[in-house]
$ cat structure-v2.txt   # compact mmCIF, C-alpha atoms
# COMPACT_ATOMS: atom_id res chain seq x y z
CA MET I 1 59.42 -124.69 -170.01
CA SER I 2 62.40 -124.77 -167.66
CA ASN I 3 61.96 -124.07 -164.00
CA ILE I 4 63.99 -121.41 -162.18
CA SER I 5 66.52 -123.93 -160.86
CA ASP I 6 67.21 -125.17 -164.39
CA LEU I 7 67.69 -121.59 -165.61
CA ILE I 8 70.09 -120.74 -162.78
CA GLU I 9 72.05 -123.95 -163.36
CA ARG I 10 72.30 -123.30 -167.10
CA TYR I 11 73.43 -119.70 -166.52
CA LEU I 12 76.15 -120.73 -164.05
CA LYS I 13 77.39 -123.49 -166.35
CA GLU I 14 77.55 -121.01 -169.24
CA LEU I 15 79.61 -118.64 -167.07
CA LEU I 16 81.92 -121.52 -166.16
CA ALA I 17 82.29 -122.57 -169.79
CA ALA I 18 83.27 -119.01 -170.73
CA SER I 19 85.76 -118.75 -167.85
CA THR I 20 89.40 -119.23 -168.75
CA ARG I 21 90.22 -120.14 -165.13
CA GLY I 22 87.68 -122.96 -164.72
CA MET I 23 86.03 -121.05 -161.89
CA ILE I 24 83.65 -118.19 -161.30
CA GLU I 25 82.82 -115.96 -158.35
CA ILE I 26 79.28 -114.74 -157.92
CA ARG I 27 77.34 -112.82 -155.33
CA ARG I 28 74.32 -114.77 -154.17
CA ASN I 29 72.12 -111.66 -153.78
CA GLU I 30 73.00 -110.31 -157.24
CA LEU I 31 72.20 -113.67 -158.81
CA ALA I 32 68.91 -113.83 -156.91
CA GLU I 33 68.01 -110.35 -158.21
CA ARG I 34 68.92 -111.37 -161.78
CA PHE I 35 66.51 -114.33 -161.60
CA ASN I 36 63.95 -112.57 -159.41
CA CYS I 37 64.10 -115.22 -156.71
CA VAL I 38 65.15 -115.51 -153.08
CA PRO I 39 68.81 -116.23 -152.21
CA SER I 40 67.78 -119.58 -150.74
CA GLN I 41 66.85 -120.67 -154.30
CA ILE I 42 70.46 -120.00 -155.29
CA ASN I 43 71.60 -122.03 -152.27
CA TYR I 44 69.35 -124.91 -153.37
CA VAL I 45 70.82 -124.93 -156.90
CA LEU I 46 74.38 -124.84 -155.55
CA ALA I 47 73.71 -127.59 -153.01
CA THR I 48 72.00 -129.94 -155.43
CA ARG I 49 73.56 -129.30 -158.85
CA PHE I 50 77.10 -128.15 -158.15
CA THR I 51 78.36 -130.96 -155.94
CA VAL I 52 81.51 -133.07 -156.04
CA GLU I 53 79.39 -135.83 -157.55
CA HIS I 54 78.62 -133.45 -160.41
CA GLY I 55 82.28 -132.44 -160.79
CA PHE I 56 82.25 -129.10 -158.94
CA LEU I 57 83.62 -127.58 -155.77
CA VAL I 58 81.74 -124.69 -154.16
CA GLU I 59 83.24 -122.31 -151.61
CA SER I 60 81.16 -119.69 -149.87
CA ARG I 61 82.05 -116.62 -147.84
CA ARG I 62 79.25 -114.82 -146.04
CA GLY I 63 79.01 -111.19 -145.05
CA GLY I 64 78.97 -107.83 -146.84
CA GLY I 65 81.78 -108.75 -149.22
CA GLY I 66 80.72 -112.37 -149.39
CA TYR I 67 80.79 -114.40 -152.53
CA VAL I 68 80.29 -117.91 -153.85
CA ARG I 69 83.15 -119.44 -155.82
CA ILE I 70 82.30 -122.34 -158.12
CA MET I 71 85.17 -124.37 -159.49
CA GLN I 72 84.90 -127.09 -162.07
CA LEU I 73 87.15 -129.89 -160.93
CA PRO I 74 89.93 -130.64 -163.42
CA ARG I 75 89.69 -133.90 -165.31
CA ASP I 76 92.38 -135.58 -163.17
CA LYS I 77 90.38 -134.79 -160.01
CA ARG I 78 87.17 -136.29 -161.38
CA LEU I 79 85.88 -139.83 -161.13
CA ASP I 80 88.99 -141.50 -162.51
CA SER I 81 88.98 -144.58 -160.33
CA ILE I 82 86.35 -146.99 -159.21
CA SER I 83 87.48 -146.73 -155.58
CA GLN I 84 86.85 -142.95 -155.56
CA LEU I 85 83.43 -143.54 -157.02
CA LEU I 86 82.57 -146.25 -154.53
CA ASN I 87 83.67 -143.93 -151.71
CA LEU I 88 81.16 -141.37 -152.97
CA VAL I 89 78.42 -143.99 -152.83
CA GLY I 90 79.30 -145.11 -149.32
CA ARG I 91 77.18 -147.53 -147.27
CA GLU I 92 73.97 -145.61 -147.90
CA ILE I 93 72.95 -143.03 -150.46
CA SER I 94 69.90 -140.89 -151.16
CA GLN I 95 68.12 -141.09 -154.48
CA GLN I 96 69.19 -137.53 -155.29
CA ARG I 97 72.90 -138.22 -154.70
CA ALA I 98 72.71 -141.54 -156.57
CA GLN I 99 71.12 -139.81 -159.56
CA ALA I 100 73.85 -137.15 -159.48
CA ILE I 101 76.54 -139.84 -159.64
CA ILE I 102 74.75 -141.59 -162.51
CA GLU I 103 74.38 -138.29 -164.36
CA ARG I 104 78.06 -137.56 -163.91
CA LEU I 105 79.03 -141.02 -165.21
CA TRP I 106 76.90 -140.32 -168.27
CA GLU I 107 78.30 -136.79 -168.75
CA GLU I 108 81.84 -138.16 -168.64
CA LYS I 109 80.79 -140.82 -171.17
CA LEU I 110 81.62 -143.68 -168.82
CA ILE I 111 78.14 -145.12 -169.33
CA THR I 112 75.68 -144.94 -172.21
CA ASP I 113 72.34 -143.17 -172.17
CA ARG I 114 70.61 -146.55 -172.00
CA GLU I 115 72.73 -147.67 -169.04
CA SER I 116 72.00 -144.36 -167.31
CA ARG I 117 68.23 -144.81 -167.73
CA MET I 118 68.39 -148.40 -166.47
CA MET I 119 70.46 -147.41 -163.44
CA ARG I 120 68.05 -144.59 -162.57
CA ALA I 121 65.08 -146.94 -162.83
CA VAL I 122 66.62 -149.52 -160.50
CA ILE I 123 67.55 -147.05 -157.73
CA ASP I 124 64.23 -145.20 -157.73
CA ARG I 125 62.34 -145.05 -154.43
CA GLU I 126 59.22 -146.32 -156.19
CA VAL I 127 61.09 -149.52 -157.02
CA LEU I 128 62.89 -149.85 -153.69
CA ARG I 129 59.76 -149.98 -151.59
CA VAL I 130 61.29 -150.36 -148.15
CA GLY I 131 61.54 -147.87 -145.33
CA LEU I 132 64.47 -145.66 -144.48
CA PRO I 133 67.34 -146.16 -143.70
CA ALA I 134 67.15 -149.63 -145.28
CA ARG I 135 66.16 -148.11 -148.64
CA ASP I 136 69.27 -145.89 -148.81
CA GLN I 137 71.45 -148.83 -147.76
CA LEU I 138 69.89 -151.10 -150.40
CA ARG I 139 70.27 -148.35 -153.03
CA ALA I 140 73.98 -148.07 -152.18
CA LEU I 141 74.50 -151.83 -152.50
CA ILE I 142 72.73 -151.90 -155.87
CA LEU I 143 74.55 -148.82 -157.18
CA ARG I 144 77.92 -150.21 -156.08
CA ALA I 145 77.19 -153.52 -157.83
CA MET I 146 76.17 -151.73 -161.04
CA ILE I 147 79.27 -149.53 -160.99
CA LEU I 148 81.55 -152.52 -160.47
CA SER I 149 79.79 -154.43 -163.23
CA LEU I 150 79.77 -151.58 -165.76
CA LEU I 151 83.12 -149.97 -165.02
CA GLY I 152 85.12 -152.90 -163.69
CA LYS I 153 86.84 -153.43 -167.02
CA LYS I 154 87.45 -149.71 -167.55
CA GLY I 155 88.67 -148.93 -164.03
CA GLU I 156 91.67 -149.81 -161.93
$ encode --input "structure-v2.txt" --output "structure tokens"
Amino acid sequence: MSNISDLIERYLKELLAASTRGMIEIRRNELAERFNCVPSQINYVLATRFTVEHGFLVESRRGGGGYVRIMQLPRDKRLDSISQLLNLVGREISQQRAQAIIERLWEEKLITDRESRMMRAVIDREVLRVGLPARDQLRALILRAMILSLLGKKGE
């Protein structure tokens, strides 16, 4: 059974897929009512599943007439170059952000399912058993090396 975050994500992606403009505008409170959850649950889904790493841009306006606009980045604004991707990784990266990048590489068919699973296994905190911030720095080094190795021939 899917959890509430999965349901919200699926619903928003369905709305985006049906949109002819590649964007949707929603009201956080209305969405929270629809899924019988608190607005902070909507914030969590937006912050973790609709990021640049996932291929989305989210704008928010608070207040009585406030809304959340979710835009799917056009193909030419996605991860088209290795340098853009390496900039997303940076010098340190959390497991959550690293997994989002790997998922996006898989969704855009830049890596195979097997490569995705291997990459996720290697960057997992249970494998990188060192303290923070060294763990996030080590994860970034490993992820950068894997990206360069896997995409080097396909990239710039």
$ closest_residue --input "structure-v2.txt" --among "I:Ile24, I:Leu132, I:Leu138, I:Leu150" --to "Gly90 (chain I)" --atoms "all atoms listed in the file"
I:Leu138
$ residues_around --input "structure-v2.txt" --residues "Arg144 (chain I)" --least-positions-apart "2" --cutoff "12 Å" --atoms "only C-alpha atoms" --output "mmCIF file with C-alpha atoms, in the coordinates of the input"
data_model
loop_
_atom_site.group_PDB
_atom_site.id
_atom_site.type_symbol
_atom_site.label_atom_id
_atom_site.label_comp_id
_atom_site.auth_asym_id
_atom_site.auth_seq_id
_atom_site.Cartn_x
_atom_site.Cartn_y
_atom_site.Cartn_z
ATOM 1 C CA ILE I 82 86.350 -146.990 -159.210
ATOM 2 C CA SER I 83 87.480 -146.730 -155.580
ATOM 3 C CA GLN I 84 86.850 -142.950 -155.560
ATOM 4 C CA LEU I 85 83.430 -143.540 -157.020
ATOM 5 C CA LEU I 86 82.570 -146.250 -154.530
ATOM 6 C CA ASN I 87 83.670 -143.930 -151.710
ATOM 7 C CA LEU I 88 81.160 -141.370 -152.970
ATOM 8 C CA VAL I 89 78.420 -143.990 -152.830
ATOM 9 C CA GLY I 90 79.300 -145.110 -149.320
ATOM 10 C CA ARG I 91 77.180 -147.530 -147.270
ATOM 11 C CA GLU I 92 73.970 -145.610 -147.900
ATOM 12 C CA ILE I 93 72.950 -143.030 -150.460
ATOM 13 C CA ALA I 98 72.710 -141.540 -156.570
ATOM 14 C CA ILE I 101 76.540 -139.840 -159.640
ATOM 15 C CA ILE I 102 74.750 -141.590 -162.510
ATOM 16 C CA MET I 119 70.460 -147.410 -163.440
ATOM 17 C CA ILE I 123 67.550 -147.050 -157.730
ATOM 18 C CA GLN I 137 71.450 -148.830 -147.760
ATOM 19 C CA LEU I 138 69.890 -151.100 -150.400
ATOM 20 C CA ARG I 139 70.270 -148.350 -153.030
ATOM 21 C CA ALA I 140 73.980 -148.070 -152.180
ATOM 22 C CA LEU I 141 74.500 -151.830 -152.500
ATOM 23 C CA ILE I 142 72.730 -151.900 -155.870
ATOM 24 C CA MET I 146 76.170 -151.730 -161.040
ATOM 25 C CA ILE I 147 79.270 -149.530 -160.990
ATOM 26 C CA LEU I 148 81.550 -152.520 -160.470
ATOM 27 C CA SER I 149 79.790 -154.430 -163.230
ATOM 28 C CA LEU I 150 79.770 -151.580 -165.760
ATOM 29 C CA LEU I 151 83.120 -149.970 -165.020
ATOM 30 C CA GLY I 152 85.120 -152.900 -163.690
#
$ closest_residue --input "structure-v2.txt" --among "I:Val127, I:Ile70, I:Ile111, I:Met118" --to "Gly22 (chain I)" --atoms "all atoms listed in the file"
I:Ile70
$ atom_distance --input "structure-v2.txt" --atom1 "CA of Tyr11 (chain I)" --atom2 "CA of Ala121 (chain I)"
28.7 Å
$ closest_residue --input "structure-v2.txt" --among "I:Tyr67, I:Phe50, I:Val38, I:Tyr44" --to "Glu25 (chain I)" --atoms "all atoms listed in the file"
I:Tyr67
$ atom_distance --input "structure-v2.txt" --atom1 "CA of Ala18 (chain I)" --atom2 "CA of Glu33 (chain I)"
21.6 Å
$ axis_aligned_box --input "structure-v2.txt" --around "region 92-106 of chain I" --padding-each-side "5 Å" --output "lines of an AutoDock Vina configuration file"
center_x = 73.6
center_y = -141.4
center_z = -158.1
size_x = 20.9
size_y = 18.5
size_z = 30.4
$ atom_distance --input "structure-v2.txt" --atom1 "CA of Gln95 (chain I)" --atom2 "CA of Asp136 (chain I)"
7.5 Å
$ closest_residue --input "structure-v2.txt" --among "I:Ala100, I:Leu16, I:Ala32, I:Leu105" --to "Ala47 (chain I)" --atoms "only C-alpha atoms"
I:Ala100
$ residues_around --input "structure-v2.txt" --residues "Glu103 (chain I)" --least-positions-apart "2" --cutoff "12 Å" --atoms "all atoms listed in the file" --output "compact mmCIF listing (two decimals) with C-alpha atoms, in the coordinates of the input"
# COMPACT_ATOMS: atom_id res chain seq x y z
CA ARG I 49 73.56 -129.30 -158.85
CA THR I 51 78.36 -130.96 -155.94
CA GLU I 53 79.39 -135.83 -157.55
CA HIS I 54 78.62 -133.45 -160.41
CA GLY I 55 82.28 -132.44 -160.79
CA GLN I 96 69.19 -137.53 -155.29
CA ARG I 97 72.90 -138.22 -154.70
CA ALA I 98 72.71 -141.54 -156.57
CA GLN I 99 71.12 -139.81 -159.56
CA ALA I 100 73.85 -137.15 -159.48
CA ILE I 101 76.54 -139.84 -159.64
CA LEU I 105 79.03 -141.02 -165.21
CA TRP I 106 76.90 -140.32 -168.27
CA GLU I 107 78.30 -136.79 -168.75
CA GLU I 108 81.84 -138.16 -168.64
CA LYS I 109 80.79 -140.82 -171.17
CA LEU I 110 81.62 -143.68 -168.82
CA ILE I 111 78.14 -145.12 -169.33
CA THR I 112 75.68 -144.94 -172.21
CA ASP I 113 72.34 -143.17 -172.17
CA ARG I 114 70.61 -146.55 -172.00
CA GLU I 115 72.73 -147.67 -169.04
CA SER I 116 72.00 -144.36 -167.31
CA ARG I 117 68.23 -144.81 -167.73
CA MET I 118 68.39 -148.40 -166.47
CA MET I 119 70.46 -147.41 -163.44
CA ARG I 120 68.05 -144.59 -162.57
$ closest_residue --input "structure-v2.txt" --among "I:Val58, I:Leu46, I:Asn29, I:Pro133" --to "Ile8 (chain I)" --atoms "all atoms listed in the file"
I:Leu46
